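Let me begin by presenting the structure, written as structure tokens, before commenting on it.
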Amino acid sequence: MDRSHYNPHHSLVPFATVNKWWSDIAHYLLYRSISVNSSTYSTNVPGMLRQTLSADPQIAARVIELRVAVDEDRRIQDFFALFDLCVNLKHVDIFGYQLHSLQSCRRVLAQRNLISIHIRMDTCSSLKDPAFCSTGCLLEMMQGWPDLEKLHISHITSSAHTTHVRNNCCPRLKVIHMCEGEFSADLLLQLPRITQAVERLHLRTAWVYEFPASSVFFAIRAWQNSLKWLHYAPKRRLDVHPSQHPHLPHLKYFETNSTGLPASYLRVVSPNVSTLRYMATLEDFHHVTTNLYDLTFLPSLALLYISPLPDWTSLSSHPKFPEDDVQSLETICVQRSIELIFQFYP
């Protein structure tokens with residue numbers, strides 16, 4: 001009762017000591033999903049977990065989901081061993097500062113039939129080659145994950161060799177979340193060969209790099225008949241004309257800005273969207289307000305988040321929408337039963 005944070009797993013520990021039937025159930029619930037972060041402990045938690053799993057392979061086989069924060073080189077071998085011991089891993093979430101040193105971990109993960117993989121890392125520029133893997137390495141691993149459904153990857157490097165990718169080797173992959181790095185665009189051009197029916201695509205732009213619109217449009221065009229959720233809000237002027245943006249007839253959620261798609265093209269690109277998050281220039285804000293009075297403009301729209309498009313070079317000040325346009329937008333949203341939310345900070 002004196003714990004600062006309640007963890008439901010703590011209440012399961014006593015049940016593991018009642019009898020063998022209760023113990024089996026408790027162990028299943030305790031070890032099915034494990035999170036370990038060595039930075040918050042004075043003891044070597046990854047090492048202790050490694051000993052537990054090594055002593056009882058049956059417990060190790062019950063680990064389906066493993067989330068780790070790799071932040072200390074002195075314990076990195078213990079983290080490696082966890083992935084090796086958990087032979088039935090399906091879900092992996094890795095955060096760290098030294099991910100470029102996880103070569104052994106990548107080799108083990110390639111042998112697991114993953115359903116989801118989430119790789120996050122610190123972007124500290126002082127690290128040498130601070131990436132989890134190269135584009136070629138990732139594509140090679142993905143060809144061994146036919147059940148993969150979710151891919152969340154960031155900060156990869158270029159490949160030293162060209163990888164031959166089998167068509168539709170990840171047919172169940174529906175969710176892709178990519179953070180822009182120098183070579184993410186290369187991966188984005190390859191992914192349509194690996195999976196053909198992506199439903200959710202999140203492209204998070206960075207301060208230094210930007211997804212070229214040509215590679216983004218190539219992927220969107222490949223998945224235009226399956227996409228239901230799209231986040232694409234570039235910070236720089238597109239290298240292709242917005243009129244070349246693919247038509248997305250089944251899109252329900254769209255998060256973009258005036259740079260990614262001027263308001264005049266919303267009608268053509270996403271006619272059936274029900275939720276729109278839009279960072280608009282003053283001109284495009286007026287466009288949205290005016291067009292909404294036409295009931296054929298975004299006829300399925302039920303929720304509108306709108307905010308001023310900031311000057312990405314200086315976020316100290318934010319433009320303000322004209323009061324007349326704000327009142328007009330509020331009026332038409334009430335008339336059309338559209339929930340309107342103003343967001344002034346992106």
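Chains: A, B, ... in order of the structure tokens. Residues: from 1 per chain. Ligands: from 1, in order shown.
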
(request) Skip Ser158 (chain A) itself and residues of its chain fewer than 4 positions away, then list as an MDAnalysis selection string all residues within 6 Å of it, counting only C-alpha atoms. (result) chainID A and resid 134:135 183

Could you give me, as a CSV table (one decimal) with all heavy atoms, in the first residue's frame, the residues within 7 Å of region 323-328 of chain A, counting only C-alpha atoms and dropping anything in the same chain fewer than 2 positions from it?
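For reference, result.csv as written:
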chain,number,residue,atom,x,y,z
A,286,HIS,N,-9.4,30.6,-44.6
A,286,HIS,CA,-10.5,31.3,-45.2
A,286,HIS,C,-11.1,30.3,-46.2
A,286,HIS,O,-12.4,30.3,-46.4
A,286,HIS,CB,-10.1,32.6,-45.9
A,286,HIS,CG,-11.2,33.3,-46.6
A,286,HIS,ND1,-12.2,34.0,-45.9
A,286,HIS,CD2,-11.5,33.4,-47.9
A,286,HIS,CE1,-13.0,34.6,-46.7
A,286,HIS,NE2,-12.6,34.2,-48.0
A,289,THR,N,-13.2,27.7,-44.4
A,289,THR,CA,-14.5,28.3,-43.9
A,289,THR,C,-15.5,28.5,-45.0
A,289,THR,O,-16.6,28.1,-44.9
A,289,THR,CB,-14.1,29.6,-43.2
A,289,THR,OG1,-13.2,29.4,-42.2
A,289,THR,CG2,-15.4,30.3,-42.7
A,321,PHE,N,-5.9,33.7,-36.6
A,321,PHE,CA,-6.9,33.7,-37.6
A,321,PHE,C,-7.8,35.0,-37.4
A,321,PHE,O,-8.0,35.4,-36.3
A,321,PHE,CB,-7.8,32.5,-37.5
A,321,PHE,CG,-7.1,31.2,-37.8
A,321,PHE,CD1,-7.3,30.1,-37.0
A,321,PHE,CD2,-6.3,31.1,-38.9
A,321,PHE,CE1,-6.7,28.9,-37.2
A,321,PHE,CE2,-5.6,29.9,-39.2
A,321,PHE,CZ,-5.8,28.8,-38.3
A,330,GLU,N,-17.2,28.9,-37.0
A,330,GLU,CA,-18.0,28.3,-35.9
A,330,GLU,C,-19.5,28.2,-36.3
A,330,GLU,O,-20.1,27.2,-35.9
A,330,GLU,CB,-17.9,29.3,-34.6
A,330,GLU,CG,-16.5,29.2,-34.0
A,330,GLU,CD,-16.3,30.2,-32.9
A,330,GLU,OE1,-17.1,31.2,-32.9
A,330,GLU,OE2,-15.4,30.1,-32.1
A,331,THR,N,-20.0,29.2,-37.0
A,331,THR,CA,-21.4,29.2,-37.4
A,331,THR,C,-21.7,28.0,-38.3
A,331,THR,O,-22.6,27.2,-38.1
A,331,THR,CB,-21.7,30.5,-38.1
A,331,THR,OG1,-21.6,31.6,-37.2
A,331,THR,CG2,-23.2,30.5,-38.6
A,332,ILE,N,-20.9,27.8,-39.4
A,332,ILE,CA,-21.1,26.7,-40.3
A,332,ILE,C,-20.9,25.4,-39.7
A,332,ILE,O,-21.6,24.4,-40.0
A,332,ILE,CB,-20.3,26.9,-41.6
A,332,ILE,CG1,-20.7,25.9,-42.7
A,332,ILE,CG2,-18.8,26.8,-41.3
A,332,ILE,CD1,-22.2,25.9,-43.0

(message) Which residues are near Leu303 (chain A)? Cut-off 8 Å, only C-alpha atoms, ignore same chain within fewer than 2 positions. Put them as a list in words.
(response)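 Residues near the query, excluding close chain neighbours: Ser274, Thr275, Leu276, Leu301, Tyr305, Ile338, Glu339, Leu340 and Ile341 of chain A.
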
With C-alpha atoms retained, export the selected residues as an mmCIF file, in the first residue's frame.
data_model
loop_
_atom_site.group_PDB
_atom_site.id
_atom_site.type_symbol
_atom_site.label_atom_id
_atom_site.label_comp_id
_atom_site.auth_asym_id
_atom_site.auth_seq_id
_atom_site.Cartn_x
_atom_site.Cartn_y
_atom_site.Cartn_z
ATOM 1 C CA SER A 274 -14.573 12.288 -41.086
ATOM 2 C CA THR A 275 -11.762 13.658 -38.893
ATOM 3 C CA LEU A 276 -9.450 16.390 -40.156
ATOM 4 C CA LEU A 301 -16.683 15.608 -41.829
ATOM 5 C CA TYR A 305 -9.103 20.336 -35.457
ATOM 6 C CA ILE A 338 -19.231 19.383 -37.046
ATOM 7 C CA GLU A 339 -17.324 19.415 -33.766
ATOM 8 C CA LEU A 340 -14.780 22.229 -34.006
ATOM 9 C CA ILE A 341 -11.606 22.400 -31.909
#

(message) One number please: CA of Lys150 (chain A) to CA of Leu173 (chain A), in Å, one decimal.
(response)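 Value for the CA of Lys150 (chain A)-CA of Leu173 (chain A) distance: 5.9 Å.
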
(message) Quick check for you: according to DSSP on this backbone, which residues of region 86-280 of chain A are classed as strand (DSSP E)? Reply as a PyMOL selection string.
(response) chain A and resi 91-96+116-121+150-154+175-179+200-204+229-232+253-257+275-280

(message) Just want the 10 Å neighbourhood of Thr296 (chain A), counted on only C-alpha atoms, with same-chain residues fewer than 5 positions away dropped. Output as a list in words.
(response) Arg267, Pro271 and Asn291 of chain A

(message) Quick check, in Å to one decimal: how far apart do CA of Val108 (chain A) and CA of Phe83 (chain A) lie?
(response)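 Between CA of Val108 (chain A) and CA of Phe83 (chain A) the gap is 6.7 Å.
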
(request) Would you kindly return, as a list of chain:residue names, each protein, DNA or RNA residue with an atom no farther than 9 Å from any atom of Leu138 (chain A), considering only C-alpha atoms and excluding same-chain residues fewer than 6 positions away? (result)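 The filter keeps A:Arg106, A:Ala110, A:Ile156, A:Leu187.
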
Can you spit out the residues from that selection as a tab-separated table (two decimals), in the first residue's frame, using N, CA, C and O atoms?
chain	number	residue	atom	x	y	z
A	106	ARG	N	19.64	-7.70	-33.33
A	106	ARG	CA	19.02	-7.74	-34.67
A	106	ARG	C	19.02	-9.16	-35.21
A	106	ARG	O	18.05	-9.60	-35.83
A	110	ALA	N	15.54	-11.26	-36.08
A	110	ALA	CA	15.28	-11.78	-37.42
A	110	ALA	C	14.75	-13.20	-37.38
A	110	ALA	O	14.08	-13.65	-38.32
A	156	ILE	N	17.10	5.29	-39.30
A	156	ILE	CA	17.86	4.22	-39.93
A	156	ILE	C	18.91	4.83	-40.84
A	156	ILE	O	18.87	6.02	-41.16
A	187	LEU	N	13.53	3.78	-47.70
A	187	LEU	CA	12.70	2.71	-47.17
A	187	LEU	C	11.26	2.86	-47.62
A	187	LEU	O	10.60	1.88	-47.96

(message) I need the residue nearest Arg120 (chain A) from this list: A:Leu139, A:Ala69, A:Leu251, A:Leu148. Use only C-alpha atoms for the distance.
(response)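 Looking at the shortest contact to Arg120 (chain A), the residue is A:Ala69.
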
(message) Residues near Asn272 (chain A), anyone? I mean within 7 Å using only C-alpha atoms, not counting same-chain ones fewer than 6 positions away, as a PyMOL selection string.
(response) chain A and resi 249-252+298-300

File of the preceding selection, N, CA and C atoms, as a PDB file, in the first residue's frame:
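Saved file part-v8.pdb follows:
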ATOM      1  N   PRO A 249     -10.001   7.649 -51.564  1.00  0.00           N
ATOM      2  CA  PRO A 249     -11.462   7.557 -51.415  1.00  0.00           C
ATOM      3  C   PRO A 249     -11.928   6.965 -50.092  1.00  0.00           C
ATOM      4  N   HIS A 250     -11.064   6.182 -49.408  1.00  0.00           N
ATOM      5  CA  HIS A 250     -11.492   5.513 -48.184  1.00  0.00           C
ATOM      6  C   HIS A 250     -10.887   6.146 -46.928  1.00  0.00           C
ATOM      7  N   LEU A 251     -10.215   7.267 -47.085  1.00  0.00           N
ATOM      8  CA  LEU A 251      -9.562   7.915 -45.951  1.00  0.00           C
ATOM      9  C   LEU A 251     -10.601   8.494 -44.997  1.00  0.00           C
ATOM     10  N   LYS A 252     -10.456   8.158 -43.693  1.00  0.00           N
ATOM     11  CA  LYS A 252     -11.373   8.660 -42.667  1.00  0.00           C
ATOM     12  C   LYS A 252     -10.705   9.668 -41.738  1.00  0.00           C
ATOM     13  N   LEU A 298     -16.325  17.974 -48.258  1.00  0.00           N
ATOM     14  CA  LEU A 298     -16.120  17.108 -47.094  1.00  0.00           C
ATOM     15  C   LEU A 298     -17.459  16.758 -46.436  1.00  0.00           C
ATOM     16  N   PRO A 299     -18.340  16.082 -47.147  1.00  0.00           N
ATOM     17  CA  PRO A 299     -19.696  15.825 -46.641  1.00  0.00           C
ATOM     18  C   PRO A 299     -19.740  14.924 -45.409  1.00  0.00           C
ATOM     19  N   SER A 300     -18.669  14.121 -45.164  1.00  0.00           N
ATOM     20  CA  SER A 300     -18.659  13.206 -44.024  1.00  0.00           C
ATOM     21  C   SER A 300     -17.941  13.785 -42.803  1.00  0.00           C
TER      22      SER A 300
END

(request) Could you tell me which of A:Glu65, A:Asp284, A:Asp239, A:Asp93 comes closest to Asn257 (chain A) if we count only C-alpha atoms? (result)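 Closest to Asn257 (chain A), using only C-alpha atoms: A:Asp284.
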
(message) When you look at region 207-221 of chain A with a cut-off of 8 Å (counting only C-alpha atoms), what residues show up, excluding the ones that are within fewer than 5 positions of it in the same chain? I need them as a list in words.
(response)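 Selected residues are Glu180, Gly181, Glu182, Ser184, Ala185, Asp186, Leu188, Leu189, Leu191, Pro192, Leu227, Pro234, Lys235, Arg236, Leu238, Asp239, Val240, Gln244, His245, Pro246 and His247 of chain A.
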